[in-house]
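Novice: What follows is my_file.txt, made up of compact mmCIF, C-alpha atoms and all ligand atoms:
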# COMPACT_ATOMS: atom_id res chain seq x y z
CA MET K 1 -76.53 25.98 6.70
CA ASP K 2 -79.20 23.81 8.35
CA ILE K 3 -77.01 20.75 8.67
CA VAL K 4 -79.83 18.28 9.43
CA LYS K 5 -81.94 19.48 6.52
CA GLU K 6 -79.00 19.39 4.11
CA SER K 7 -78.02 15.89 5.28
CA HIS K 8 -81.55 14.68 4.77
CA ARG K 9 -81.64 16.26 1.32
CA ILE K 10 -78.46 14.44 0.21
CA LEU K 11 -79.70 11.10 1.50
CA LYS K 12 -83.02 11.56 -0.30
CA GLU K 13 -81.37 12.69 -3.52
CA ASN K 14 -79.03 9.71 -3.57
CA ARG K 15 -81.77 7.20 -2.74
CA ARG K 16 -82.57 4.55 -5.34
CA ARG K 17 -85.00 1.65 -5.64
CA THR K 18 -84.34 -1.44 -7.77
CA ASP K 19 -86.45 -4.62 -7.83
CA GLY K 20 -88.13 -3.63 -4.58
CA HIS K 21 -84.82 -2.93 -2.81
CA GLN K 22 -84.13 0.57 -1.49
CA TYR K 23 -80.57 1.79 -0.95
CA THR K 24 -78.53 4.99 -1.06
CA LEU K 25 -75.62 5.73 -3.39
CA PRO K 26 -72.59 7.21 -1.60
CA SER K 27 -72.19 9.56 -4.59
CA PRO K 28 -74.31 9.25 -7.76
CA ASP K 29 -71.47 10.27 -10.09
CA SER K 30 -68.52 8.48 -8.50
CA TYR K 31 -70.04 5.59 -6.53
CA PRO K 32 -73.29 4.50 -8.17
CA TYR K 33 -73.77 1.22 -6.24
CA GLN K 34 -74.56 0.10 -2.71
CA TRP K 35 -71.60 -0.21 -0.32
CA LEU K 36 -71.62 -2.05 3.01
CA TRP K 37 -70.22 0.39 5.53
CA ASP K 38 -71.66 3.37 3.69
CA SER K 39 -75.14 1.86 4.03
CA CYS K 40 -74.55 1.38 7.75
CA PHE K 41 -73.63 5.09 8.00
CA HIS K 42 -76.77 5.98 6.05
CA ALA K 43 -78.88 3.84 8.38
CA ILE K 44 -77.30 5.46 11.45
CA VAL K 45 -78.29 8.88 10.14
CA LEU K 46 -81.71 7.80 8.85
CA ALA K 47 -82.49 6.10 12.18
CA ARG K 48 -83.36 9.54 13.54
CA LEU K 49 -84.90 10.99 10.39
CA GLU K 50 -86.78 8.16 8.70
CA PRO K 51 -86.34 4.84 10.55
CA GLU K 52 -88.41 2.93 7.98
CA PHE K 53 -85.95 3.88 5.25
CA ALA K 54 -83.03 2.98 7.50
CA LYS K 55 -84.52 -0.51 7.83
CA GLU K 56 -84.97 -0.78 4.07
CA GLU K 57 -81.32 0.16 3.53
CA LEU K 58 -80.15 -2.67 5.79
CA ARG K 59 -82.67 -5.16 4.40
CA ALA K 60 -81.19 -4.50 0.95
CA LEU K 61 -77.70 -5.20 2.33
CA VAL K 62 -78.54 -8.52 3.95
CA SER K 63 -80.59 -9.65 0.97
CA ARG K 64 -77.26 -10.47 -0.72
CA GLN K 65 -75.57 -12.10 2.28
CA PHE K 66 -73.55 -15.16 1.24
CA ASP K 67 -74.40 -18.65 2.52
CA ASP K 68 -71.28 -18.60 4.71
CA GLY K 69 -72.46 -15.37 6.39
CA MET K 70 -70.28 -12.80 4.63
CA ILE K 71 -71.98 -9.57 3.61
CA PRO K 72 -70.40 -8.25 0.41
CA HIS K 73 -68.87 -4.81 0.34
CA MET K 74 -70.63 -3.82 -2.88
CA ILE K 75 -73.95 -4.69 -4.48
CA TYR K 76 -74.45 -3.70 -8.12
CA TRP K 77 -78.19 -3.39 -8.31
CA GLN K 78 -78.56 -2.23 -11.90
CA ALA K 79 -77.99 -4.76 -14.67
CA GLY K 80 -75.28 -3.44 -16.94
CA ASP K 81 -73.54 -1.40 -14.25
CA LEU K 82 -69.86 -0.93 -14.82
CA HIS K 83 -68.50 -3.70 -12.60
CA ARG K 84 -65.06 -2.37 -11.98
CA PHE K 85 -65.00 -4.47 -8.83
CA GLU K 86 -67.03 -7.51 -9.84
CA TRP K 87 -64.92 -9.80 -7.82
CA GLY K 88 -66.10 -13.31 -8.26
CA LYS K 89 -69.81 -13.27 -7.46
CA ASP K 90 -73.04 -12.69 -9.28
CA GLY K 91 -74.02 -9.04 -8.82
CA THR K 92 -71.85 -8.38 -5.78
CA SER K 93 -68.20 -8.16 -4.84
CA ALA K 94 -66.62 -11.10 -3.02
CA LEU K 95 -65.02 -8.91 -0.35
CA THR K 96 -66.49 -7.46 2.79
CA GLN K 97 -66.03 -4.14 4.64
CA PRO K 98 -65.87 -2.91 8.26
CA PRO K 99 -68.87 -4.52 9.95
CA MET K 100 -70.89 -1.59 11.28
CA ILE K 101 -74.25 -3.24 10.76
CA ALA K 102 -75.01 -4.23 14.39
CA HIS K 103 -74.29 -0.65 15.45
CA ALA K 104 -76.69 0.64 12.78
CA VAL K 105 -79.41 -1.80 13.85
CA GLU K 106 -79.16 -0.69 17.46
CA GLN K 107 -79.52 2.95 16.47
CA ILE K 108 -82.75 2.10 14.64
CA TYR K 109 -84.00 0.09 17.60
CA LYS K 110 -83.20 2.95 19.97
CA SER K 111 -85.10 5.32 17.76
CA ASP K 112 -88.38 3.42 17.35
CA GLY K 113 -88.21 0.28 19.52
CA ASP K 114 -89.39 -1.93 16.66
CA LYS K 115 -88.73 -5.39 18.05
CA ALA K 116 -90.19 -7.14 15.02
CA PHE K 117 -87.44 -5.59 12.89
CA LEU K 118 -84.82 -6.59 15.44
CA LYS K 119 -86.04 -10.19 15.31
CA GLU K 120 -86.14 -10.13 11.55
CA ILE K 121 -82.57 -8.87 11.05
CA TYR K 122 -80.83 -10.52 14.02
CA PRO K 123 -80.11 -13.89 12.31
CA SER K 124 -78.23 -12.08 9.51
CA LEU K 125 -76.13 -10.17 12.03
CA TRP K 126 -75.35 -13.30 13.97
CA LYS K 127 -74.23 -15.16 10.83
CA PHE K 128 -72.05 -12.24 9.72
CA TYR K 129 -70.13 -11.77 12.98
CA LYS K 130 -69.74 -15.54 13.37
CA TYR K 131 -68.27 -15.64 9.85
CA LEU K 132 -65.76 -12.90 10.71
CA ILE K 133 -64.76 -14.53 13.97
CA GLU K 134 -64.49 -18.06 12.63
CA ARG K 135 -63.60 -17.91 8.94
CA ARG K 136 -61.29 -14.91 9.08
CA ASP K 137 -59.31 -16.35 11.97
CA PRO K 138 -58.57 -19.94 11.02
CA ARG K 139 -55.71 -20.27 13.54
CA LYS K 140 -57.94 -19.04 16.36
CA ASN K 141 -55.76 -16.24 17.62
CA HIS K 142 -58.84 -14.02 18.07
CA LEU K 143 -58.11 -11.41 15.44
CA ALA K 144 -59.95 -11.19 12.12
CA SER K 145 -58.01 -10.82 8.87
CA ILE K 146 -58.77 -8.75 5.84
CA ILE K 147 -57.83 -10.12 2.42
CA ASN K 148 -57.66 -6.88 0.45
CA PRO K 149 -57.09 -3.21 1.39
CA ASP K 150 -60.63 -2.48 0.17
CA GLU K 151 -61.98 -4.55 3.04
CA SER K 152 -60.61 -1.95 5.46
CA GLY K 153 -62.67 0.75 3.74
CA GLU K 154 -59.40 2.70 3.38
CA ASP K 155 -58.46 1.47 -0.04
CA ASN K 156 -55.09 3.14 -0.54
CA SER K 157 -54.02 3.66 3.05
CA PRO K 158 -50.22 3.43 3.38
CA ARG K 159 -50.77 0.84 6.12
CA PHE K 160 -51.00 -1.64 3.25
CA ASP K 161 -48.08 -0.44 1.09
CA ASP K 162 -45.46 -2.97 2.13
CA VAL K 163 -47.81 -5.92 2.00
CA LEU K 164 -49.08 -4.84 -1.40
CA GLY K 165 -45.58 -4.07 -2.67
CA VAL K 166 -46.06 -0.39 -3.59
CA LYS K 167 -43.96 2.71 -2.93
CA HIS K 168 -45.01 5.68 -0.81
CA ASN K 169 -45.65 7.89 -3.88
CA VAL K 170 -47.69 5.34 -5.86
CA SER K 171 -50.42 6.88 -8.02
CA LEU K 172 -54.10 6.11 -7.41
CA ASP K 173 -54.31 4.17 -10.70
CA ASP K 174 -51.28 1.99 -10.06
CA HIS K 175 -52.59 1.28 -6.59
CA LEU K 176 -55.93 0.17 -7.95
CA LYS K 177 -54.19 -2.18 -10.41
CA LYS K 178 -52.42 -3.90 -7.51
CA ARG K 179 -55.66 -4.39 -5.60
CA ILE K 180 -57.35 -5.88 -8.65
CA GLU K 181 -54.40 -8.22 -9.20
CA LEU K 182 -54.92 -9.35 -5.63
CA VAL K 183 -58.55 -10.11 -6.28
CA GLU K 184 -57.59 -12.16 -9.31
CA LYS K 185 -55.23 -14.21 -7.17
CA ASN K 186 -57.94 -14.72 -4.59
CA ILE K 187 -60.43 -15.80 -7.23
CA LYS K 188 -57.87 -18.47 -8.23
CA CYS K 189 -57.77 -19.46 -4.54
CA ASN K 190 -61.54 -19.82 -4.69
CA PHE K 191 -61.50 -17.45 -1.69
CA ASP K 192 -60.14 -20.19 0.55
CA ALA K 193 -58.71 -18.14 3.43
CA GLU K 194 -57.08 -20.82 5.45
CA ASN K 195 -55.02 -22.50 2.78
CA CYS K 196 -54.53 -20.03 -0.03
CA MET K 197 -55.54 -16.39 0.38
CA LYS K 198 -53.44 -15.93 3.46
CA ASN K 199 -50.35 -16.20 1.22
CA HIS K 200 -51.26 -13.08 -0.77
CA PHE K 201 -52.58 -10.49 1.66
CA TRP K 202 -53.44 -11.34 5.24
CA VAL K 203 -53.64 -8.25 7.41
CA LYS K 204 -55.03 -7.84 10.90
CA ASP K 205 -56.17 -4.25 10.72
CA VAL K 206 -56.64 -2.14 13.84
CA PRO K 207 -59.83 -0.27 12.84
CA PHE K 208 -61.44 -3.43 11.39
CA ASN K 209 -60.87 -5.39 14.61
CA SER K 210 -61.85 -2.44 16.82
CA ILE K 211 -65.09 -2.15 14.85
CA ILE K 212 -65.82 -5.86 15.31
CA ILE K 213 -65.29 -5.49 19.06
CA GLU K 214 -67.59 -2.48 19.38
CA ASN K 215 -70.21 -4.21 17.28
CA LEU K 216 -69.97 -7.37 19.39
CA GLU K 217 -70.75 -5.19 22.41
CA VAL K 218 -73.86 -4.07 20.56
CA LEU K 219 -74.73 -7.60 19.46
CA GLU K 220 -74.46 -8.74 23.07
CA ARG K 221 -77.05 -6.12 24.06
CA LEU K 222 -79.32 -7.07 21.16
CA ALA K 223 -79.06 -10.78 22.06
CA LEU K 224 -80.06 -9.97 25.64
CA GLU K 225 -82.96 -7.87 24.38
CA LEU K 226 -84.13 -10.87 22.36
CA LYS K 227 -83.55 -13.17 25.35
CA ILE K 228 -80.82 -15.29 23.74
CA PRO K 229 -78.30 -15.48 26.62
CA LYS K 230 -76.03 -18.02 24.93
CA ASP K 231 -75.39 -15.64 22.03
CA ALA K 232 -74.74 -12.82 24.48
CA GLU K 233 -72.22 -14.97 26.28
CA PHE K 234 -70.49 -15.86 23.02
CA CYS K 235 -70.16 -12.13 22.24
CA ARG K 236 -68.83 -11.30 25.71
CA ASN K 237 -66.19 -14.06 25.52
CA HIS K 238 -65.04 -12.97 22.09
CA ILE K 239 -64.85 -9.32 23.11
CA LEU K 240 -62.50 -10.28 25.92
CA MET K 241 -60.41 -12.60 23.77
CA MET K 242 -60.14 -10.10 20.92
CA LYS K 243 -59.16 -7.27 23.24
CA ALA K 244 -56.47 -9.45 24.77
CA ALA K 245 -55.23 -10.49 21.31
CA MET K 246 -55.03 -6.87 20.14
CA ARG K 247 -52.91 -6.12 23.16
CA LYS K 248 -50.70 -9.14 22.65
CA PHE K 249 -50.05 -8.78 18.92
CA MET K 250 -50.63 -5.11 18.10
CA PHE K 251 -49.71 -2.92 21.06
CA GLU K 252 -46.35 -1.15 21.17
CA ASN K 253 -45.18 2.30 22.32
CA GLY K 254 -48.60 3.19 23.69
CA VAL K 255 -50.55 2.62 20.45
CA PHE K 256 -52.00 -0.20 18.36
CA TRP K 257 -50.46 -1.13 14.97
CA SER K 258 -51.97 -3.27 12.23
CA THR K 259 -50.02 -6.48 11.55
CA TYR K 260 -49.49 -8.85 8.62
CA SER K 261 -48.62 -12.47 7.95
CA LYS K 262 -48.95 -15.38 10.28
CA ASP K 263 -46.06 -13.93 12.31
CA TYR K 264 -48.01 -10.77 13.18
CA ILE K 265 -45.38 -8.36 11.89
CA LYS K 266 -46.33 -4.85 12.97
CA ILE K 267 -46.87 -2.30 10.21
CA LYS K 268 -45.22 0.80 11.60
CA VAL K 269 -47.15 3.45 9.68
CA ALA K 270 -48.68 6.13 11.87
CA SER K 271 -52.31 6.58 10.82
CA TRP K 272 -55.66 7.40 12.41
CA ALA K 273 -55.81 3.65 13.19
CA HIS K 274 -54.14 4.65 16.49
CA PHE K 275 -57.45 6.32 17.46
CA ALA K 276 -59.87 3.60 16.31
CA PRO K 277 -59.50 1.54 19.54
CA LEU K 278 -60.96 4.50 21.47
CA PHE K 279 -64.25 3.72 19.72
CA ALA K 280 -64.26 0.22 21.20
CA GLY K 281 -62.91 1.07 24.66
CA ILE K 282 -59.70 -0.91 24.14
CA TYR K 283 -57.25 1.58 25.66
CA SER K 284 -57.19 2.07 29.43
CA GLN K 285 -58.12 5.60 30.58
CA GLU K 286 -54.48 6.38 31.17
CA GLU K 287 -53.40 5.08 27.77
CA ALA K 288 -56.21 7.02 26.09
CA GLU K 289 -55.07 10.23 27.74
CA ALA K 290 -51.55 9.72 26.40
CA VAL K 291 -52.81 8.87 22.89
CA VAL K 292 -54.94 12.02 22.78
CA LYS K 293 -52.20 14.25 24.11
CA ASN K 294 -49.23 12.83 22.19
CA HIS K 295 -50.88 12.01 18.88
CA LEU K 296 -54.42 13.30 18.32
CA LEU K 297 -53.66 16.85 19.43
CA ASN K 298 -50.15 16.93 17.99
CA GLU K 299 -49.99 19.51 15.19
CA GLU K 300 -46.76 18.03 13.83
CA THR K 301 -48.52 14.74 13.12
CA PHE K 302 -52.32 14.40 13.15
CA LYS K 303 -54.02 17.62 14.13
CA SER K 304 -54.55 20.01 11.23
CA PRO K 305 -56.42 23.33 11.18
CA TYR K 306 -59.34 21.50 9.51
CA GLY K 307 -59.53 18.31 11.54
CA ILE K 308 -57.64 15.05 12.00
CA ARG K 309 -55.34 13.76 9.26
CA THR K 310 -55.84 10.12 8.30
CA VAL K 311 -52.05 9.71 8.11
CA SER K 312 -49.40 11.48 10.17
CA LYS K 313 -47.78 14.41 8.41
CA GLN K 314 -44.40 12.87 9.28
CA GLU K 315 -44.95 9.74 7.17
CA PRO K 316 -43.19 9.71 3.76
CA SER K 317 -46.49 8.45 2.35
CA TYR K 318 -48.38 11.52 3.64
CA HIS K 319 -49.96 13.30 0.67
CA ALA K 320 -52.50 16.06 0.88
CA THR K 321 -52.65 16.27 -2.93
CA ALA K 322 -52.17 14.13 -6.07
CA PRO K 323 -50.66 11.78 -7.21
CA SER K 324 -51.55 9.61 -4.24
CA PHE K 325 -53.88 11.22 -1.77
CA SER K 326 -57.34 9.94 -0.76
CA TRP K 327 -56.56 7.76 2.30
CA ARG K 328 -52.96 8.99 2.49
CA GLY K 329 -53.58 12.05 4.63
CA PRO K 330 -56.85 13.85 3.80
CA ILE K 331 -59.64 14.24 6.32
CA TRP K 332 -62.63 11.90 5.95
CA PHE K 333 -65.93 12.07 7.79
CA ALA K 334 -66.07 8.44 8.91
CA PRO K 335 -62.77 8.63 10.86
CA HIS K 336 -63.95 11.95 12.31
CA TRP K 337 -67.16 10.25 13.47
CA PHE K 338 -65.30 7.22 14.95
CA ILE K 339 -62.85 9.49 16.75
CA TYR K 340 -65.67 11.71 18.02
CA LYS K 341 -67.49 8.70 19.50
CA GLY K 342 -64.26 7.32 20.92
CA LEU K 343 -63.39 10.59 22.63
CA LEU K 344 -66.80 10.79 24.28
CA ARG K 345 -66.44 7.22 25.48
CA TYR K 346 -63.42 8.35 27.53
CA GLY K 347 -64.93 11.66 28.61
CA PHE K 348 -62.92 13.97 26.31
CA LYS K 349 -65.85 16.28 25.71
CA LYS K 350 -63.91 19.36 24.70
CA GLU K 351 -61.76 17.50 22.18
CA ALA K 352 -64.85 15.78 20.74
CA GLN K 353 -66.58 19.13 20.38
CA GLU K 354 -63.55 20.48 18.49
CA ILE K 355 -63.83 17.67 15.95
CA HIS K 356 -67.52 18.34 15.62
CA ASP K 357 -66.92 22.05 15.03
CA ALA K 358 -64.12 21.44 12.52
CA SER K 359 -66.47 19.06 10.66
CA ILE K 360 -69.23 21.68 10.48
CA LYS K 361 -66.75 24.21 9.12
CA LEU K 362 -65.67 21.83 6.35
CA LEU K 363 -69.29 21.24 5.34
CA GLU K 364 -70.07 24.95 5.36
CA LYS K 365 -66.96 25.85 3.41
CA GLU K 366 -66.86 23.03 0.83
CA GLY K 367 -70.11 21.05 1.01
CA PHE K 368 -70.49 17.28 1.07
CA ARG K 369 -67.28 16.01 -0.51
CA GLU K 370 -65.52 12.65 -0.26
CA TYR K 371 -62.51 14.02 1.65
CA TYR K 372 -60.79 17.32 2.41
CA SER K 373 -57.24 18.62 2.30
CA PRO K 374 -55.89 18.93 5.84
CA GLU K 375 -53.71 21.83 4.76
CA THR K 376 -56.23 24.04 2.93
CA GLY K 377 -59.58 22.50 3.81
CA GLU K 378 -60.35 22.14 0.09
CA GLY K 379 -63.01 19.53 -0.72
CA GLN K 380 -61.70 16.73 -2.95
CA GLY K 381 -62.87 13.50 -4.60
CA ALA K 382 -66.52 12.61 -5.11
CA MET K 383 -69.31 15.21 -4.99
CA ASN K 384 -72.60 14.90 -3.10
CA PHE K 385 -70.88 12.31 -0.94
CA THR K 386 -73.04 11.03 1.91
CA TRP K 387 -70.52 10.61 4.72
CA GLY K 388 -70.83 14.26 5.77
CA THR K 389 -74.36 13.40 6.93
CA LEU K 390 -72.74 11.60 9.90
CA ILE K 391 -72.49 15.07 11.42
CA THR K 392 -76.14 14.64 12.48
CA ASP K 393 -75.05 11.73 14.69
CA MET K 394 -72.18 13.67 16.24
CA ILE K 395 -74.16 14.69 19.28
CA GLU K 396 -73.71 13.97 22.95
CA GLU K 397 -76.20 11.41 24.24
C1 LIG Y 401 -64.24 4.75 -1.42
C2 LIG Y 401 -63.90 4.56 0.06
C3 LIG Y 401 -64.69 3.41 0.67
C4 LIG Y 401 -66.17 3.62 0.40
C5 LIG Y 401 -66.44 3.79 -1.10
C6 LIG Y 401 -67.87 4.17 -1.40
O1 LIG Y 401 -63.79 3.66 -2.16
O2 LIG Y 401 -62.53 4.36 0.20
O3 LIG Y 401 -64.47 3.31 2.04
O4 LIG Y 401 -66.92 2.57 0.92
O5 LIG Y 401 -65.62 4.84 -1.60
O6 LIG Y 401 -68.19 5.37 -0.77
What would you get if you wrote out this structure as structure tokens?
Ligand code: GLC

Specialist:
Amino acid sequence: MDIVKESHRILKENRRRTDGHQYTLPSPDSYPYQWLWDSCFHAIVLARLEPEFAKEELRALVSRQFDDGMIPHMIYWQAGDLHRFEWGKDGTSALTQPPMIAHAVEQIYKSDGDKAFLKEIYPSLWKFYKYLIERRDPRKNHLASIINPDESGEDNSPRFDDVLGVKHNVSLDDHLKKRIELVEKNIKCNFDAENCMKNHFWVKDVPFNSIIIENLEVLERLALELKIPKDAEFCRNHILMMKAAMRKFMFENGVFWSTYSKDYIKIKVASWAHFAPLFAGIYSQEEAEAVVKNHLLNEETFKSPYGIRTVSKQEPSYHATAPSFSWRGPIWFAPHWFIYKGLLRYGFKKEAQEIHDASIKLLEKEGFREYYSPETGEGQGAMNFTWGTLITDMIEE
């Protein structure tokens, strides 16, 4: 299979244009809207193939940015779409998703050096990261909160079970009901984080915060490129404060754990979240070596013949099949990509290459699916799903 050609084909096939906005559907049958972190992945891949389309994808995203700076996690472009997640706003959801947009912008800039585009999009990035830093952290402890599991991008991850009040064998449908109930409560709160939403679901998630940190590193570079030193300094200070806060509130037994409530109670569910801080350089070299050896390469927990499980095989919530799978064990391409980048950051070239090769095998065996069984490699969930195209960005630079 020519992996680059196939990736390009999927992205072109899933491309749509509505009212002058161009965007890519993650999967035409299962996910027929625009999603925030998906569009960032698309832009990362398109940066090399068709940078002009990558720019369009991001322009469509920021065109629906809220006044307070939040970028919604879904945009329903077509009138009459089934708005299963129409959560309080006109034509968009009222939640956000892991903020990969600065990273995507830098990839485009690296590819074609278009400074005019950088200048055009920079104010939207700045407003978005400021929103996350300020509005999602009202007590100024330097960690950003998510208000719904969907904001993590890992909708039914068992990291959120206790906070959501579900059991380890909850079905996908029952789980969805709980998340929608949560949205209804937050609509009643008028999405006021500080005084109301924090009572319902207030989680400091490890991947979400790691992604902010890595993207602030990027934003710092972009600010310097645009000669805005005060913004760069703001980013640098927040990177340091957030890294220190992750260590203070989340670090235990050599790994980082997501936390909930204002008391920062650690959620002791072993998931790929342990590896997300590699992406942002948060572990020391020594800690990273231990994490890779004890967890990533451990066949009893994370390492499967087909790649890295999203949840440790030892967790009671681990499910490779129905009734509750999806983010409860199966292999997904985005975590593979984050782990790949994180491993290279620490010089684990061989281990990164193994993830790359396992990813290629999955694509060759099962095609572009939403996720894959770690036990049999079988493709599951949505078809023609775009995340597999991230393979084209899994290269050493
Ligand atoms: C699923 C994933 C989420 C993704 C969406 C669209 O809900 O859990 O991360 O953004 O599909 O692909």

Novice: From (-71.4, -14.7, -5.0), in the file's coordinates, out to 12 Å: which residues are reached, counting all atoms listed in the file? Answer as a list in words.

Specialist: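 Checked against the point, the hits come out as Arg64, Gln65, Phe66, Asp67, Asp68, Gly69, Met70, Ile71, Pro72, His73, Met74, Ile75, Tyr76, Glu86, Trp87, Gly88, Lys89, Asp90, Gly91, Thr92, Ser93, Ala94, Leu95, Thr96, Ile187, Asn190 and Phe191 of chain K.
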
Novice: Edge lengths and centre, in Å to one decimal, as lines of an AutoDock Vina configuration file: that's what I need for the box along x, y and z that holds all listed atoms of ligand LIG 401 (chain Y) plus 4 Å on each side.

Specialist:
center_x = -65.4
center_y = 4.0
center_z = -0.1
size_x = 13.7
size_y = 10.8
size_z = 12.2

Novice: Using only C-alpha atoms, which protein or nucleic acid residues come within 12 Å of Val166 of chain K? Drop anything in the same chain fewer than 3 positions from it, and give the result as an mmCIF file with C-alpha atoms, in the coordinates of the input.

Specialist:
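Below is the file that was written, out.cif:
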data_model
loop_
_atom_site.group_PDB
_atom_site.id
_atom_site.type_symbol
_atom_site.label_atom_id
_atom_site.label_comp_id
_atom_site.auth_asym_id
_atom_site.auth_seq_id
_atom_site.Cartn_x
_atom_site.Cartn_y
_atom_site.Cartn_z
ATOM 1 C CA ASN K 156 -55.090 3.140 -0.540
ATOM 2 C CA SER K 157 -54.020 3.660 3.050
ATOM 3 C CA PRO K 158 -50.220 3.430 3.380
ATOM 4 C CA ARG K 159 -50.770 0.840 6.120
ATOM 5 C CA PHE K 160 -51.000 -1.640 3.250
ATOM 6 C CA ASP K 161 -48.080 -0.440 1.090
ATOM 7 C CA ASP K 162 -45.460 -2.970 2.130
ATOM 8 C CA VAL K 163 -47.810 -5.920 2.000
ATOM 9 C CA ASN K 169 -45.650 7.890 -3.880
ATOM 10 C CA VAL K 170 -47.690 5.340 -5.860
ATOM 11 C CA SER K 171 -50.420 6.880 -8.020
ATOM 12 C CA LEU K 172 -54.100 6.110 -7.410
ATOM 13 C CA ASP K 173 -54.310 4.170 -10.700
ATOM 14 C CA ASP K 174 -51.280 1.990 -10.060
ATOM 15 C CA HIS K 175 -52.590 1.280 -6.590
ATOM 16 C CA LEU K 176 -55.930 0.170 -7.950
ATOM 17 C CA LYS K 177 -54.190 -2.180 -10.410
ATOM 18 C CA LYS K 178 -52.420 -3.900 -7.510
ATOM 19 C CA ARG K 179 -55.660 -4.390 -5.600
ATOM 20 C CA SER K 317 -46.490 8.450 2.350
ATOM 21 C CA SER K 324 -51.550 9.610 -4.240
#

Novice: Could I get the residue neighbourhood of ligand LIG 401 (chain Y) at 10 Å, counting only C-alpha atoms and all ligand atoms, as a PDB file with C-alpha atoms, in the frame of the given file?

Specialist:
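File produced: out_8.pdb:
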ATOM      1  CA  LEU K  25     -75.620   5.730  -3.390  1.00  0.00           C
ATOM      2  CA  PRO K  26     -72.590   7.210  -1.600  1.00  0.00           C
ATOM      3  CA  SER K  27     -72.190   9.560  -4.590  1.00  0.00           C
ATOM      4  CA  SER K  30     -68.520   8.480  -8.500  1.00  0.00           C
ATOM      5  CA  TYR K  31     -70.040   5.590  -6.530  1.00  0.00           C
ATOM      6  CA  PRO K  32     -73.290   4.500  -8.170  1.00  0.00           C
ATOM      7  CA  TYR K  33     -73.770   1.220  -6.240  1.00  0.00           C
ATOM      8  CA  GLN K  34     -74.560   0.100  -2.710  1.00  0.00           C
ATOM      9  CA  TRP K  35     -71.600  -0.210  -0.320  1.00  0.00           C
ATOM     10  CA  LEU K  36     -71.620  -2.050   3.010  1.00  0.00           C
ATOM     11  CA  TRP K  37     -70.220   0.390   5.530  1.00  0.00           C
ATOM     12  CA  ASP K  38     -71.660   3.370   3.690  1.00  0.00           C
ATOM     13  CA  SER K  39     -75.140   1.860   4.030  1.00  0.00           C
ATOM     14  CA  HIS K  73     -68.870  -4.810   0.340  1.00  0.00           C
ATOM     15  CA  MET K  74     -70.630  -3.820  -2.880  1.00  0.00           C
ATOM     16  CA  GLN K  97     -66.030  -4.140   4.640  1.00  0.00           C
ATOM     17  CA  PRO K  98     -65.870  -2.910   8.260  1.00  0.00           C
ATOM     18  CA  PRO K 149     -57.090  -3.210   1.390  1.00  0.00           C
ATOM     19  CA  ASP K 150     -60.630  -2.480   0.170  1.00  0.00           C
ATOM     20  CA  GLU K 151     -61.980  -4.550   3.040  1.00  0.00           C
ATOM     21  CA  SER K 152     -60.610  -1.950   5.460  1.00  0.00           C
ATOM     22  CA  GLY K 153     -62.670   0.750   3.740  1.00  0.00           C
ATOM     23  CA  GLU K 154     -59.400   2.700   3.380  1.00  0.00           C
ATOM     24  CA  ASP K 155     -58.460   1.470  -0.040  1.00  0.00           C
ATOM     25  CA  ASN K 156     -55.090   3.140  -0.540  1.00  0.00           C
ATOM     26  CA  SER K 157     -54.020   3.660   3.050  1.00  0.00           C
ATOM     27  CA  SER K 326     -57.340   9.940  -0.760  1.00  0.00           C
ATOM     28  CA  TRP K 327     -56.560   7.760   2.300  1.00  0.00           C
ATOM     29  CA  TRP K 332     -62.630  11.900   5.950  1.00  0.00           C
ATOM     30  CA  ALA K 334     -66.070   8.440   8.910  1.00  0.00           C
ATOM     31  CA  GLU K 370     -65.520  12.650  -0.260  1.00  0.00           C
ATOM     32  CA  TYR K 371     -62.510  14.020   1.650  1.00  0.00           C
ATOM     33  CA  GLY K 381     -62.870  13.500  -4.600  1.00  0.00           C
ATOM     34  CA  ALA K 382     -66.520  12.610  -5.110  1.00  0.00           C
ATOM     35  CA  PHE K 385     -70.880  12.310  -0.940  1.00  0.00           C
ATOM     36  CA  THR K 386     -73.040  11.030   1.910  1.00  0.00           C
ATOM     37  CA  TRP K 387     -70.520  10.610   4.720  1.00  0.00           C
TER      38      TRP K 387
END

Novice: What does the distance between atom CA of Gln78 of chain K and atom CA of Thr18 of chain K come to in Å, to one decimal place?

Specialist: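 Distance between the two atoms: 7.1 Å.
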
Novice: Would you mind listing what lies within 12 Å of Ser284 of chain K as a count of residues only, with only C-alpha atoms counted and same-chain residues fewer than 4 positions away left out?

Specialist: 13

Novice: Enter the distance from atom CA of Glu286 of chain K to atom CA of Phe256 of chain K, in Å, rounded to one decimal.

Specialist: 14.6 Å

Novice: I'd like the contact shell of segment 363-369 of chain K - 12 Å cut-off, only C-alpha atoms, skipping same-chain residues fewer than 2 positions apart - returned as number ranges by chain.

Specialist: K: 1-4, 6-11, 26-27, 29-30, 306-307, 326, 330-333, 356-361, 371-373, 376-392

Novice: Residues at most 12 Å from Lys115 of chain K, counting only C-alpha atoms, excluding those fewer than 2 positions away in the same chain, as a list in words?

Specialist: Val105, Glu106, Ile108, Tyr109, Lys110, Ser111, Asp112, Gly113, Phe117, Leu118, Lys119, Glu120, Ile121, Tyr122, Leu222, Ala223, Glu225, Leu226 and Lys227 of chain K

Novice: How many Å lie between atom CA of Cys40 of chain K and atom CA of Ile101 of chain K, rounded to one decimal?

Specialist: 5.5 Å

Novice: Looking at only C-alpha atoms, which of K:Trp77, K:Phe41, K:Ala232, K:Asp192 is the one that sits closest to Pro335 of chain K?

Specialist: K:Phe41

Novice: Hey, can you pull every residue with an atom no more than 9 Å from (-62.0, 1.8, 19.6), using all atoms listed in the file, and send it as a list in words?

Specialist: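 Output: Val206, Pro207, Asn209, Ser210, Ile211, Ile213, Glu214, His274, Phe275, Ala276, Pro277, Leu278, Phe279, Ala280, Gly281, Ile282, Tyr283, Phe338, Ile339, Lys341 and Gly342 of chain K.
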